[in-house]
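Engineer: Coordinates in start-v2.cif, mmCIF, C-alpha atoms and all ligand atoms, are listed below.
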```cif
data_data
#
loop_
_atom_site.group_PDB
_atom_site.id
_atom_site.type_symbol
_atom_site.label_atom_id
_atom_site.label_comp_id
_atom_site.auth_asym_id
_atom_site.auth_seq_id
_atom_site.Cartn_x
_atom_site.Cartn_y
_atom_site.Cartn_z
ATOM 1 C CA MET A 946 -168.684 -14.736 197.258
ATOM 2 C CA LYS A 947 -165.819 -13.890 194.927
ATOM 3 C CA ILE A 948 -165.319 -16.455 192.173
ATOM 4 C CA LEU A 949 -162.016 -16.294 190.319
ATOM 5 C CA VAL A 950 -161.911 -17.760 186.818
ATOM 6 C CA ALA A 951 -158.194 -18.279 186.195
ATOM 7 C CA THR A 952 -157.531 -19.639 182.740
ATOM 8 C CA GLU A 953 -154.111 -19.351 181.157
ATOM 9 C CA LYS A 954 -155.893 -20.790 178.099
ATOM 10 C CA PRO A 955 -159.131 -18.747 178.134
ATOM 11 C CA PHE A 956 -162.655 -20.028 177.622
ATOM 12 C CA ALA A 957 -164.597 -18.743 174.617
ATOM 13 C CA ALA A 958 -166.286 -15.407 175.409
ATOM 14 C CA ALA A 959 -169.759 -16.969 175.359
ATOM 15 C CA ALA A 960 -168.718 -19.439 178.042
ATOM 16 C CA VAL A 961 -167.323 -16.636 180.220
ATOM 17 C CA ASN A 962 -170.630 -14.758 179.834
ATOM 18 C CA GLY A 963 -172.522 -17.902 180.810
ATOM 19 C CA ILE A 964 -170.344 -18.399 183.906
ATOM 20 C CA ARG A 965 -170.955 -14.780 184.876
ATOM 21 C CA GLU A 966 -174.730 -15.131 184.453
ATOM 22 C CA ILE A 967 -174.938 -18.249 186.615
ATOM 23 C CA CYS A 968 -172.773 -16.807 189.376
ATOM 24 C CA THR A 969 -174.259 -13.302 189.483
ATOM 25 C CA ALA A 970 -177.794 -14.746 189.565
ATOM 26 C CA ASP A 971 -176.837 -16.134 192.993
ATOM 27 C CA GLY A 972 -175.272 -12.849 194.090
ATOM 28 C CA HIS A 973 -171.649 -13.863 193.520
ATOM 29 C CA GLU A 974 -168.968 -11.734 191.907
ATOM 30 C CA VAL A 975 -166.858 -13.087 189.042
ATOM 31 C CA VAL A 976 -163.247 -12.006 188.537
ATOM 32 C CA LEU A 977 -161.401 -13.010 185.399
ATOM 33 C CA LEU A 978 -157.685 -13.758 185.086
ATOM 34 C CA GLU A 979 -156.877 -14.895 181.557
ATOM 35 C CA LYS A 980 -153.680 -15.577 179.598
ATOM 36 C CA TYR A 981 -151.557 -14.852 182.642
ATOM 37 C CA GLU A 982 -147.880 -15.373 182.079
ATOM 38 C CA SER A 983 -146.520 -16.033 185.541
ATOM 39 C CA LYS A 984 -147.771 -17.997 188.519
ATOM 40 C CA ASP A 985 -147.345 -14.842 190.612
ATOM 41 C CA ARG A 986 -150.378 -13.345 188.875
ATOM 42 C CA LEU A 987 -152.471 -16.324 189.974
ATOM 43 C CA ILE A 988 -151.051 -16.169 193.494
ATOM 44 C CA GLU A 989 -151.985 -12.472 193.663
ATOM 45 C CA ALA A 990 -155.460 -12.936 192.195
ATOM 46 C CA VAL A 991 -156.426 -15.891 194.383
ATOM 47 C CA ALA A 992 -155.730 -14.029 197.645
ATOM 48 C CA ASP A 993 -159.326 -12.904 198.170
ATOM 49 C CA ALA A 994 -161.157 -15.565 196.148
ATOM 50 C CA ASP A 995 -163.776 -17.798 197.763
ATOM 51 C CA ALA A 996 -163.985 -20.096 194.740
ATOM 52 C CA LEU A 997 -161.705 -20.863 191.831
ATOM 53 C CA ILE A 998 -162.455 -22.173 188.348
ATOM 54 C CA VAL A 999 -159.456 -23.419 186.360
ATOM 55 C CA ARG A 1000 -158.612 -25.501 183.310
ATOM 56 C CA SER A 1001 -155.104 -27.032 183.165
ATOM 57 C CA ASP A 1002 -153.829 -24.190 185.350
ATOM 58 C CA LYS A 1003 -151.480 -25.392 188.064
ATOM 59 C CA VAL A 1004 -153.032 -25.102 191.502
ATOM 60 C CA THR A 1005 -149.947 -25.808 193.587
ATOM 61 C CA PRO A 1006 -149.513 -25.825 197.385
ATOM 62 C CA GLU A 1007 -148.076 -22.305 196.958
ATOM 63 C CA VAL A 1008 -151.299 -21.141 195.284
ATOM 64 C CA ILE A 1009 -153.412 -22.752 197.996
ATOM 65 C CA GLU A 1010 -151.304 -21.148 200.715
ATOM 66 C CA ALA A 1011 -151.933 -17.733 199.167
ATOM 67 C CA ALA A 1012 -155.684 -18.381 198.977
ATOM 68 C CA GLY A 1013 -156.726 -17.646 202.529
ATOM 69 C CA ARG A 1014 -160.475 -17.530 201.805
ATOM 70 C CA LEU A 1015 -160.711 -20.343 199.272
ATOM 71 C CA LYS A 1016 -163.455 -22.904 199.837
ATOM 72 C CA ILE A 1017 -163.812 -24.669 196.505
ATOM 73 C CA VAL A 1018 -161.778 -25.283 193.335
ATOM 74 C CA VAL A 1019 -163.489 -26.607 190.233
ATOM 75 C CA ARG A 1020 -161.406 -27.962 187.392
ATOM 76 C CA ALA A 1021 -163.556 -27.226 184.340
ATOM 77 C CA GLY A 1022 -162.622 -30.468 182.648
ATOM 78 C CA ALA A 1023 -161.809 -34.068 183.432
ATOM 79 C CA GLY A 1024 -158.201 -34.462 184.561
ATOM 80 C CA TYR A 1025 -157.280 -32.896 187.898
ATOM 81 C CA ASP A 1026 -153.605 -33.837 188.013
ATOM 82 C CA ASN A 1027 -152.872 -30.082 187.896
ATOM 83 C CA ILE A 1028 -154.362 -29.543 191.340
ATOM 84 C CA SER A 1029 -152.623 -30.294 194.604
ATOM 85 C CA LEU A 1030 -155.376 -32.344 196.214
ATOM 86 C CA ASP A 1031 -153.495 -32.865 199.475
ATOM 87 C CA ALA A 1032 -152.950 -29.147 199.991
ATOM 88 C CA CYS A 1033 -156.673 -28.556 199.382
ATOM 89 C CA THR A 1034 -157.784 -31.376 201.673
ATOM 90 C CA GLU A 1035 -155.529 -30.132 204.467
ATOM 91 C CA ARG A 1036 -157.256 -26.768 204.294
ATOM 92 C CA GLY A 1037 -160.747 -28.268 203.944
ATOM 93 C CA ILE A 1038 -161.063 -26.947 200.392
ATOM 94 C CA VAL A 1039 -163.380 -28.968 198.151
ATOM 95 C CA VAL A 1040 -161.993 -29.917 194.728
ATOM 96 C CA MET A 1041 -164.333 -30.971 191.916
ATOM 97 C CA ASN A 1042 -164.036 -31.711 188.224
ATOM 98 C CA THR A 1043 -166.742 -31.629 185.549
ATOM 99 C CA PRO A 1044 -166.586 -35.164 184.124
ATOM 100 C CA GLY A 1045 -167.854 -35.745 180.605
ATOM 101 C CA GLN A 1046 -168.411 -32.105 179.747
ATOM 102 C CA ASN A 1047 -165.575 -31.775 177.224
ATOM 103 C CA SER A 1048 -165.298 -35.439 176.249
ATOM 104 C CA ASN A 1049 -166.818 -35.184 172.801
ATOM 105 C CA ALA A 1050 -164.358 -32.483 171.755
ATOM 106 C CA VAL A 1051 -161.416 -34.632 172.853
ATOM 107 C CA ALA A 1052 -162.843 -37.737 171.175
ATOM 108 C CA GLU A 1053 -163.320 -35.892 167.890
ATOM 109 C CA LEU A 1054 -159.721 -34.682 168.033
ATOM 110 C CA ALA A 1055 -158.420 -38.208 168.697
ATOM 111 C CA LEU A 1056 -160.173 -39.436 165.544
ATOM 112 C CA ALA A 1057 -158.955 -36.432 163.552
ATOM 113 C CA MET A 1058 -155.366 -37.029 164.657
ATOM 114 C CA MET A 1059 -155.605 -40.662 163.638
ATOM 115 C CA ILE A 1060 -156.713 -39.723 160.151
ATOM 116 C CA TYR A 1061 -154.086 -36.966 159.958
ATOM 117 C CA ALA A 1062 -151.338 -39.448 160.828
ATOM 118 C CA SER A 1063 -152.725 -42.002 158.379
ATOM 119 C CA ARG A 1064 -152.685 -39.467 155.546
ATOM 120 C CA ASN A 1065 -149.066 -38.361 155.894
ATOM 121 C CA CYS A 1066 -149.920 -35.288 157.958
ATOM 122 C CA PHE A 1067 -151.830 -33.975 154.914
ATOM 123 C CA THR A 1068 -148.735 -33.891 152.703
ATOM 124 C CA PRO A 1069 -148.376 -35.594 149.318
ATOM 125 C CA GLY A 1070 -147.851 -39.341 149.289
ATOM 126 C CA THR A 1071 -149.819 -42.538 149.707
ATOM 127 C CA GLY A 1072 -151.573 -42.853 153.028
ATOM 128 C CA ARG A 1073 -153.770 -45.464 154.658
ATOM 129 C CA GLU A 1074 -157.480 -45.600 155.368
ATOM 130 C CA ILE A 1075 -158.805 -46.318 158.831
ATOM 131 C CA LEU A 1076 -161.738 -48.401 157.554
ATOM 132 C CA GLY A 1077 -161.371 -51.979 158.777
ATOM 133 C CA LYS A 1078 -158.356 -51.175 160.955
ATOM 134 C CA ARG A 1079 -158.160 -52.186 164.600
ATOM 135 C CA ILE A 1080 -158.197 -49.589 167.327
ATOM 136 C CA GLY A 1081 -157.440 -50.226 170.993
ATOM 137 C CA ILE A 1082 -158.961 -47.880 173.518
ATOM 138 C CA HIS A 1083 -156.590 -47.618 176.483
ATOM 139 C CA ALA A 1084 -159.059 -46.747 179.284
ATOM 140 C CA TYR A 1085 -162.779 -46.853 178.673
ATOM 141 C CA GLY A 1086 -163.966 -43.707 180.429
ATOM 142 C CA ASN A 1087 -166.030 -40.833 179.059
ATOM 143 C CA VAL A 1088 -163.626 -40.015 176.222
ATOM 144 C CA GLY A 1089 -162.655 -43.624 175.500
ATOM 145 C CA ARG A 1090 -166.297 -44.623 175.107
ATOM 146 C CA LEU A 1091 -166.937 -41.814 172.631
ATOM 147 C CA VAL A 1092 -163.813 -42.626 170.613
ATOM 148 C CA ALA A 1093 -164.995 -46.236 170.488
ATOM 149 C CA ALA A 1094 -168.458 -45.300 169.229
ATOM 150 C CA LYS A 1095 -167.097 -42.945 166.579
ATOM 151 C CA ALA A 1096 -164.457 -45.461 165.471
ATOM 152 C CA LYS A 1097 -167.147 -48.102 165.076
ATOM 153 C CA ALA A 1098 -169.196 -45.708 162.969
ATOM 154 C CA LEU A 1099 -166.135 -45.254 160.753
ATOM 155 C CA GLY A 1100 -165.932 -49.015 160.222
ATOM 156 C CA MET A 1101 -163.060 -49.804 162.578
ATOM 157 C CA GLU A 1102 -162.736 -52.875 164.783
ATOM 158 C CA VAL A 1103 -162.778 -51.665 168.358
ATOM 159 C CA THR A 1104 -161.267 -53.257 171.424
ATOM 160 C CA ALA A 1105 -160.711 -51.683 174.844
ATOM 161 C CA PHE A 1106 -158.746 -52.262 178.002
ATOM 162 C CA ASP A 1107 -159.873 -50.908 181.336
ATOM 163 C CA PRO A 1108 -159.530 -52.858 184.596
ATOM 164 C CA PHE A 1109 -162.149 -50.588 186.192
ATOM 165 C CA VAL A 1110 -164.902 -51.230 183.632
ATOM 166 C CA GLU A 1111 -166.877 -54.471 183.408
ATOM 167 C CA ALA A 1112 -166.479 -56.476 180.210
ATOM 168 C CA GLU A 1113 -170.292 -56.615 179.822
ATOM 169 C CA LYS A 1114 -170.436 -52.847 179.613
ATOM 170 C CA MET A 1115 -167.965 -52.821 176.709
ATOM 171 C CA GLU A 1116 -169.727 -55.716 175.010
ATOM 172 C CA ALA A 1117 -173.039 -53.880 175.257
ATOM 173 C CA ASP A 1118 -171.394 -51.099 173.207
ATOM 174 C CA GLY A 1119 -170.162 -53.601 170.602
ATOM 175 C CA VAL A 1120 -166.587 -53.217 171.863
ATOM 176 C CA VAL A 1121 -164.387 -56.266 172.432
ATOM 177 C CA PRO A 1122 -162.851 -56.280 175.924
ATOM 178 C CA ALA A 1123 -159.087 -56.923 175.642
ATOM 179 C CA GLU A 1124 -157.725 -59.834 177.666
ATOM 180 C CA SER A 1125 -154.672 -57.806 178.616
ATOM 181 C CA LEU A 1126 -153.046 -54.506 177.793
ATOM 182 C CA GLU A 1127 -150.151 -56.289 176.099
ATOM 183 C CA LYS A 1128 -152.497 -58.292 173.885
ATOM 184 C CA MET A 1129 -154.401 -55.153 172.910
ATOM 185 C CA TYR A 1130 -151.211 -53.320 171.911
ATOM 186 C CA SER A 1131 -150.018 -56.366 169.962
ATOM 187 C CA GLU A 1132 -153.233 -56.555 167.944
ATOM 188 C CA CYS A 1133 -154.124 -52.935 167.206
ATOM 189 C CA ASP A 1134 -153.113 -50.662 164.341
ATOM 190 C CA PHE A 1135 -154.042 -47.665 166.485
ATOM 191 C CA ILE A 1136 -153.989 -47.184 170.223
ATOM 192 C CA SER A 1137 -155.892 -44.232 171.638
ATOM 193 C CA LEU A 1138 -154.766 -43.229 175.131
ATOM 194 C CA HIS A 1139 -157.328 -42.108 177.671
ATOM 195 C CA ILE A 1140 -155.668 -42.851 180.999
ATOM 196 C CA PRO A 1141 -155.341 -40.072 183.575
ATOM 197 C CA ALA A 1142 -151.924 -39.073 184.923
ATOM 198 C CA THR A 1143 -151.669 -40.740 188.325
ATOM 199 C CA PRO A 1144 -148.736 -42.181 190.278
ATOM 200 C CA GLN A 1145 -149.744 -45.576 188.808
ATOM 201 C CA THR A 1146 -149.906 -44.477 185.167
ATOM 202 C CA ARG A 1147 -147.006 -42.012 184.932
ATOM 203 C CA GLY A 1148 -144.417 -43.324 182.473
ATOM 204 C CA SER A 1149 -146.434 -46.509 182.018
ATOM 205 C CA VAL A 1150 -146.527 -46.475 178.207
ATOM 206 C CA GLY A 1151 -143.064 -47.295 177.000
ATOM 207 C CA TYR A 1152 -140.854 -49.522 174.878
ATOM 208 C CA ASP A 1153 -142.380 -52.894 175.722
ATOM 209 C CA LEU A 1154 -145.939 -51.908 174.901
ATOM 210 C CA LEU A 1155 -145.096 -49.785 171.858
ATOM 211 C CA THR A 1156 -142.921 -52.363 170.172
ATOM 212 C CA LYS A 1157 -145.687 -54.935 170.538
ATOM 213 C CA MET A 1158 -147.750 -52.960 168.022
ATOM 214 C CA PRO A 1159 -148.131 -54.421 164.537
ATOM 215 C CA SER A 1160 -146.330 -52.955 161.542
ATOM 216 C CA GLY A 1161 -147.389 -49.329 160.922
ATOM 217 C CA GLY A 1162 -148.826 -48.987 164.447
ATOM 218 C CA CYS A 1163 -149.807 -45.515 165.581
ATOM 219 C CA LEU A 1164 -150.142 -44.262 169.166
ATOM 220 C CA VAL A 1165 -152.584 -41.386 169.616
ATOM 221 C CA ASN A 1166 -152.259 -39.403 172.834
ATOM 222 C CA THR A 1167 -155.026 -37.000 173.792
ATOM 223 C CA ALA A 1168 -154.585 -37.863 177.476
ATOM 224 C CA ARG A 1169 -151.439 -36.619 179.225
ATOM 225 C CA LYS A 1170 -147.767 -36.446 178.238
ATOM 226 C CA GLU A 1171 -146.815 -37.761 181.687
ATOM 227 C CA VAL A 1172 -148.155 -41.256 180.942
ATOM 228 C CA ILE A 1173 -145.471 -41.722 178.277
ATOM 229 C CA ASN A 1174 -141.981 -42.901 179.127
ATOM 230 C CA GLU A 1175 -140.236 -40.489 176.759
ATOM 231 C CA PRO A 1176 -136.752 -42.057 176.581
ATOM 232 C CA GLU A 1177 -138.433 -45.382 175.810
ATOM 233 C CA LEU A 1178 -140.683 -43.730 173.202
ATOM 234 C CA ILE A 1179 -137.540 -42.482 171.432
ATOM 235 C CA LYS A 1180 -136.012 -45.949 171.590
ATOM 236 C CA ALA A 1181 -139.193 -47.565 170.251
ATOM 237 C CA LEU A 1182 -139.435 -45.103 167.350
ATOM 238 C CA THR A 1183 -135.741 -45.660 166.601
ATOM 239 C CA ASP A 1184 -135.915 -49.451 166.638
ATOM 240 C CA ARG A 1185 -139.252 -49.589 164.827
ATOM 241 C CA GLN A 1186 -139.105 -47.282 161.821
ATOM 242 C CA ASP A 1187 -142.756 -48.046 161.023
ATOM 243 C CA LEU A 1188 -144.286 -46.716 164.269
ATOM 244 C CA LYS A 1189 -145.984 -43.326 164.594
ATOM 245 C CA TYR A 1190 -146.771 -41.086 167.565
ATOM 246 C CA VAL A 1191 -149.318 -38.266 167.430
ATOM 247 C CA THR A 1192 -150.119 -36.238 170.499
ATOM 248 C CA ASP A 1193 -152.174 -33.303 171.692
ATOM 249 C CA ILE A 1194 -149.741 -32.726 174.535
ATOM 250 C CA ALA A 1195 -146.233 -32.091 173.269
ATOM 251 C CA ALA A 1196 -143.621 -34.292 174.867
ATOM 252 C CA ASP A 1197 -140.837 -32.629 176.834
ATOM 253 C CA CYS A 1198 -138.574 -34.092 174.149
ATOM 254 C CA GLN A 1199 -140.847 -33.033 171.248
ATOM 255 C CA ALA A 1200 -138.062 -31.085 169.461
ATOM 256 C CA GLU A 1201 -135.879 -34.181 169.523
ATOM 257 C CA LEU A 1202 -138.780 -36.329 168.309
ATOM 258 C CA ALA A 1203 -139.444 -33.950 165.412
ATOM 259 C CA GLU A 1204 -135.790 -33.845 164.461
ATOM 260 C CA LYS A 1205 -135.277 -37.590 164.610
ATOM 261 C CA PHE A 1206 -138.586 -38.883 163.290
ATOM 262 C CA GLY A 1207 -140.042 -36.136 161.074
ATOM 263 C CA LYS A 1208 -143.571 -36.891 159.880
ATOM 264 C CA ARG A 1209 -143.804 -40.049 161.974
ATOM 265 C CA VAL A 1210 -144.485 -37.793 164.934
ATOM 266 C CA PHE A 1211 -146.862 -34.886 165.344
ATOM 267 C CA ALA A 1212 -147.841 -32.639 168.237
ATOM 268 C CA THR A 1213 -150.482 -29.927 168.231
ATOM 269 C CA PRO A 1214 -148.876 -26.518 168.929
ATOM 270 C CA LYS A 1215 -150.931 -26.112 172.117
ATOM 271 C CA LYS A 1216 -153.207 -28.663 173.768
ATOM 272 C CA MET A 1217 -156.492 -28.285 171.929
ATOM 273 C CA GLY A 1218 -158.562 -31.371 172.726
ATOM 274 C CA ALA A 1219 -161.130 -29.403 174.703
ATOM 275 C CA GLU A 1220 -160.798 -26.260 172.615
ATOM 276 C CA THR A 1221 -164.251 -26.071 171.079
ATOM 277 C CA ALA A 1222 -166.994 -23.556 171.724
ATOM 278 C CA GLU A 1223 -169.228 -26.413 172.832
ATOM 279 C CA ALA A 1224 -166.736 -27.936 175.267
ATOM 280 C CA ASN A 1225 -165.883 -24.519 176.745
ATOM 281 C CA MET A 1226 -169.561 -23.865 177.252
ATOM 282 C CA ASN A 1227 -170.333 -27.288 178.710
ATOM 283 C CA ALA A 1228 -167.376 -27.417 181.101
ATOM 284 C CA GLY A 1229 -167.410 -23.726 182.061
ATOM 285 C CA LEU A 1230 -171.113 -23.635 182.827
ATOM 286 C CA ALA A 1231 -170.985 -26.937 184.695
ATOM 287 C CA ALA A 1232 -168.195 -25.524 186.867
ATOM 288 C CA ALA A 1233 -170.220 -22.381 187.599
ATOM 289 C CA ARG A 1234 -173.341 -24.413 188.427
ATOM 290 C CA GLN A 1235 -171.390 -26.739 190.727
ATOM 291 C CA ILE A 1236 -169.966 -23.765 192.635
ATOM 292 C CA ALA A 1237 -173.345 -22.021 192.877
ATOM 293 C CA GLU A 1238 -174.911 -25.254 194.134
ATOM 294 C CA TYR A 1239 -172.109 -25.804 196.636
ATOM 295 C CA PHE A 1240 -172.610 -22.352 198.149
ATOM 296 C CA ARG A 1241 -176.395 -22.799 198.082
ATOM 297 C CA SER A 1242 -176.726 -26.286 199.557
ATOM 298 C CA GLY A 1243 -173.257 -27.632 200.336
ATOM 299 C CA CYS A 1244 -173.640 -30.204 197.531
ATOM 300 C CA THR A 1245 -170.311 -31.976 196.971
ATOM 301 C CA ARG A 1246 -171.255 -34.156 194.019
ATOM 302 C CA PHE A 1247 -168.174 -34.465 191.773
ATOM 303 C CA GLN A 1248 -165.770 -33.887 194.669
ATOM 304 C CA VAL A 1249 -162.473 -35.609 193.841
ATOM 305 C CA ASN A 1250 -160.334 -34.964 196.928
ATOM 306 C CA ALA A 1251 -160.634 -36.642 200.296
ATOM 307 C CA LYS A 1252 -163.259 -35.102 202.544
HETATM 308 C C1 LIG B 1 -159.273 -32.286 180.549
HETATM 309 O O1 LIG B 1 -158.633 -32.920 181.387
HETATM 310 O O2 LIG B 1 -160.441 -31.943 180.740
HETATM 311 C C2 LIG B 1 -158.655 -31.976 179.218
HETATM 312 O O3 LIG B 1 -157.315 -32.367 179.204
HETATM 313 C C3 LIG B 1 -158.828 -30.539 178.777
HETATM 314 O O4 LIG B 1 -157.902 -29.650 179.349
HETATM 315 P P1 LIG B 1 -157.962 -28.073 179.080
HETATM 316 O O5 LIG B 1 -159.168 -27.529 179.754
HETATM 317 O O6 LIG B 1 -156.693 -27.540 179.681
HETATM 318 O O7 LIG B 1 -158.016 -27.826 177.611
#
```
Before we go any further, please render this structure as C-alpha cells.
Structural biologist:
Amino acid sequence: MKILVATEKPFAAAAVNGIREICTADGHEVVLLEKYESKDRLIEAVADADALIVRSDKVTPEVIEAAGRLKIVVRAGAGYDNISLDACTERGIVVMNTPGQNSNAVAELALAMMIYASRNCFTPGTGREILGKRIGIHAYGNVGRLVAAKAKALGMEVTAFDPFVEAEKMEADGVVPAESLEKMYSECDFISLHIPATPQTRGSVGYDLLTKMPSGGCLVNTARKEVINEPELIKALTDRQDLKYVTDIAADCQAELAEKFGKRVFATPKKMGAETAEANMNAGLAAARQIAEYFRSGCTRFQVNAK
C-alpha cells in the first residue's frame, strides 16, 4: 500500500524515519509531502495513496474526491476538525486520531504561556507569580488533565469543568470540579482552554465568560482559535483593561489585537503546542502503527468517523 505523509508543518526527521520503518516492515511504501504551499499539491499527491497521515492539514471534500484509492486517514494528533468526516464516511474511508500522544507537549506549552503572560512577556517590569493562583481547566481531557497535574505541582489551586467527565474522576486527581462554567470563569485567575472545535463549541468563549474573570484574569488558548468569539474577545479586552489573552493559535484578528492591546495579548508565530521531538515521535509512530494494524487486521480502534 502507498502511505502518504502530508505535513505542511513537518515532523522531526527522526519521526519520519520511524514512520518509514514501521510501514516498510509491513511491505508498504511511504511517500512524503512536506511544507507544501498550495492545496493542489496535496490533491495531486493523494491521487494514488491508500493511506494518509496528516497533522493540521486540511482534508477537505475536494481532497477526498481526488483520493480514489484512499482507505484510511490518520490525524497524527488529537483534534480532527481539519478533516471532512462526512466526505470520508460517504466513501467508506476510516478516519482515526492518535489521542494522548502529543498531550504532554501541549500541556507544557500551556503552562509556559501562563508564566510568560504573568511575567510581562519577558520584558522589564513587575510581574506576578502563579504560586497560589487559581486555574480553571476548561475541558478535562488528555491535555486538561496534564495541565491540572502540572499546575498542582507548581502550587496552584486547580478546578475543572467538563460535562463529559465524572466529578469523582477529577476529585481523585485532587482537582475541584466546577459547579458551572460561569462559576469557574468567575473564580479563576487563569483559564486554560482544552475544548475541541465542534459545532457546539465554536465561538462559545466570548464576552460574558471573559468578563466574569477576576481582576488580572488571563485566558490561555492552546486548543483552537475557532472556539473564541473574536469580536467579543476584542470587546472584553477593551472594557476590561486588566484581562490578558495568550494563544498558540493566532486569532484571525491577531493584528488588531496586537495593535489595540499590546503586551496584554500574545500569539505564537506558528502553532507549536505539539512541536516537540517527543510529541512528533509519539504521534507519528502511533499513526503509522494504527495504519499498519488496520491493513493487517482491519482494527478500527481510534476511529472517529461514523462507520
Ligand atoms: C492536535 O490537535 O493534536 C494539536 O492541535 C497539534 O496539532 P499539530 O499536529 O498541527 O501541531
Engineer: Taking only C-alpha atoms into account, which of A:Gly1024, A:Gly1081, A:Pro1069, A:Pro1122 comes nearest Gln1046 of chain A?
Structural biologist: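 Among the listed residues, A:Gly1024 lies closest to Gln1046 of chain A.
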Engineer: To test your reading of the syntax: which residues would the PyMOL selection byres (((chain A and resi 1073) around 6) and not hetatm) return for the file shown? Reply as a list in words.
Structural biologist: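 Answer for the PyMOL selection byres (((chain A and resi 1073) around 6) and not hetatm): Ser1063, Gly1072 and Glu1074 of chain A.
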Engineer: Generate a file of the selected residues that holds C-alpha atoms, formatted as an mmCIF file, keeping the file's coordinate frame.
Structural biologist:
```cif
data_model
loop_
_atom_site.group_PDB
_atom_site.id
_atom_site.type_symbol
_atom_site.label_atom_id
_atom_site.label_comp_id
_atom_site.auth_asym_id
_atom_site.auth_seq_id
_atom_site.Cartn_x
_atom_site.Cartn_y
_atom_site.Cartn_z
ATOM 1 C CA SER A 1063 -152.725 -42.002 158.379
ATOM 2 C CA GLY A 1072 -151.573 -42.853 153.028
ATOM 3 C CA GLU A 1074 -157.480 -45.600 155.368
#
```
Engineer: Ligand LIG 1 (chain B): which residues are within 8 Å, counting all atoms listed in the file? Reply as a list of chain:residue names.
Structural biologist: A:Lys954, A:Val999, A:Arg1000, A:Ser1001, A:Asp1002, A:Arg1020, A:Ala1021, A:Gly1022, A:Ala1023, A:Gly1024, A:Tyr1025, A:Thr1043, A:Pro1044, A:Asn1047, A:Ser1048, A:Val1051, A:Thr1167, A:Ala1168, A:Arg1169, A:Lys1216, A:Met1217, A:Gly1218, A:Ala1219, A:Glu1220, A:Asn1225
Engineer: Could you tell me, as a list in words, exactly which residues end up selected when the PyMOL selection byres (((chain A and resi 1226) around 8) and not hetatm) is applied to this structure?
Structural biologist: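 Answer for the PyMOL selection byres (((chain A and resi 1226) around 8) and not hetatm): Phe956, Ala957, Ala959, Ala960, Gly963, Ala1222, Glu1223, Ala1224, Asn1225, Asn1227, Ala1228, Gly1229 and Leu1230 of chain A.
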Engineer: Would you output that residue set with C-alpha atoms, as a PDB file, keeping the file's coordinate frame?
Structural biologist:
```pdb
ATOM      1  CA  PHE A 956    -162.655 -20.028 177.622  1.00  0.00           C
ATOM      2  CA  ALA A 957    -164.597 -18.743 174.617  1.00  0.00           C
ATOM      3  CA  ALA A 959    -169.759 -16.969 175.359  1.00  0.00           C
ATOM      4  CA  ALA A 960    -168.718 -19.439 178.042  1.00  0.00           C
ATOM      5  CA  GLY A 963    -172.522 -17.902 180.810  1.00  0.00           C
ATOM      6  CA  ALA A1222    -166.994 -23.556 171.724  1.00  0.00           C
ATOM      7  CA  GLU A1223    -169.228 -26.413 172.832  1.00  0.00           C
ATOM      8  CA  ALA A1224    -166.736 -27.936 175.267  1.00  0.00           C
ATOM      9  CA  ASN A1225    -165.883 -24.519 176.745  1.00  0.00           C
ATOM     10  CA  ASN A1227    -170.333 -27.288 178.710  1.00  0.00           C
ATOM     11  CA  ALA A1228    -167.376 -27.417 181.101  1.00  0.00           C
ATOM     12  CA  GLY A1229    -167.410 -23.726 182.061  1.00  0.00           C
ATOM     13  CA  LEU A1230    -171.113 -23.635 182.827  1.00  0.00           C
TER      14      LEU A1230
END
```
Engineer: I'd like to see the residues matched by the PyMOL selection byres (((chain A and resi 1017) around 9) and not hetatm) on this file, and ideally I'd get them as a PyMOL selection string.
Structural biologist: chain A and resi 995-998+1015-1016+1018-1019+1033+1037-1041+1236+1239
Engineer: Of the candidates A:Glu1124, A:Glu979, A:Asp1118, A:Asp971, which one gets nearest to Leu1091 of chain A if we count only C-alpha atoms?
Structural biologist: A:Asp1118
Engineer: Do a neighbour search on segment 1110-1112 of chain A at 9 Å with only C-alpha atoms, toss out local chain neighbours closer than 4 positions, and write the hits as a list in words.
Structural biologist: Ala1084, Tyr1085, Gly1086, Phe1106, Glu1116, Ala1117, Val1120, Val1121, Pro1122 and Ala1123 of chain A
Engineer: Selection from above, C-alpha atoms, as a PDB file, keeping the file's coordinate frame, can you write it?
Structural biologist:
```pdb
ATOM      1  CA  ALA A1084    -159.059 -46.747 179.284  1.00  0.00           C
ATOM      2  CA  TYR A1085    -162.779 -46.853 178.673  1.00  0.00           C
ATOM      3  CA  GLY A1086    -163.966 -43.707 180.429  1.00  0.00           C
ATOM      4  CA  PHE A1106    -158.746 -52.262 178.002  1.00  0.00           C
ATOM      5  CA  GLU A1116    -169.727 -55.716 175.010  1.00  0.00           C
ATOM      6  CA  ALA A1117    -173.039 -53.880 175.257  1.00  0.00           C
ATOM      7  CA  VAL A1120    -166.587 -53.217 171.863  1.00  0.00           C
ATOM      8  CA  VAL A1121    -164.387 -56.266 172.432  1.00  0.00           C
ATOM      9  CA  PRO A1122    -162.851 -56.280 175.924  1.00  0.00           C
ATOM     10  CA  ALA A1123    -159.087 -56.923 175.642  1.00  0.00           C
TER      11      ALA A1123
END
```
Engineer: Calculated over only C-alpha atoms, which of the candidates A:Lys1215, A:Arg1079, A:Arg1209, A:Arg1064 has the smallest distance to Ser1131 of chain A?
Structural biologist: A:Arg1079
Engineer: Just checking: using only C-alpha atoms, which residue out of A:Tyr1061, A:Phe1135, A:Phe1206, A:Phe1067 ends up closest to Lys1157 of chain A?
Structural biologist: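 Checking each of A:Tyr1061, A:Phe1135, A:Phe1206, A:Phe1067 against Lys1157 of chain A, counting only C-alpha atoms, the winner is A:Phe1135.
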Engineer: Please provide the set of residues having any atom within 10 Å of Arg1147 of chain A, restricted to only C-alpha atoms, with same-chain residues fewer than 2 positions apart removed, written as a list in words.
Structural biologist: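 That gives Ile1140, Pro1141, Ala1142, Thr1143, Pro1144, Gln1145, Ser1149, Val1150, Arg1169, Lys1170, Glu1171, Val1172, Ile1173 and Asn1174 of chain A.
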Engineer: Could you tell me how far atom CA of Leu978 of chain A lies from atom CA of Leu1054 of chain A, in Å and to one decimal?
Structural biologist: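 Computing the Euclidean distance for atom CA of Leu978 of chain A and atom CA of Leu1054 of chain A yields 27.1 Å.
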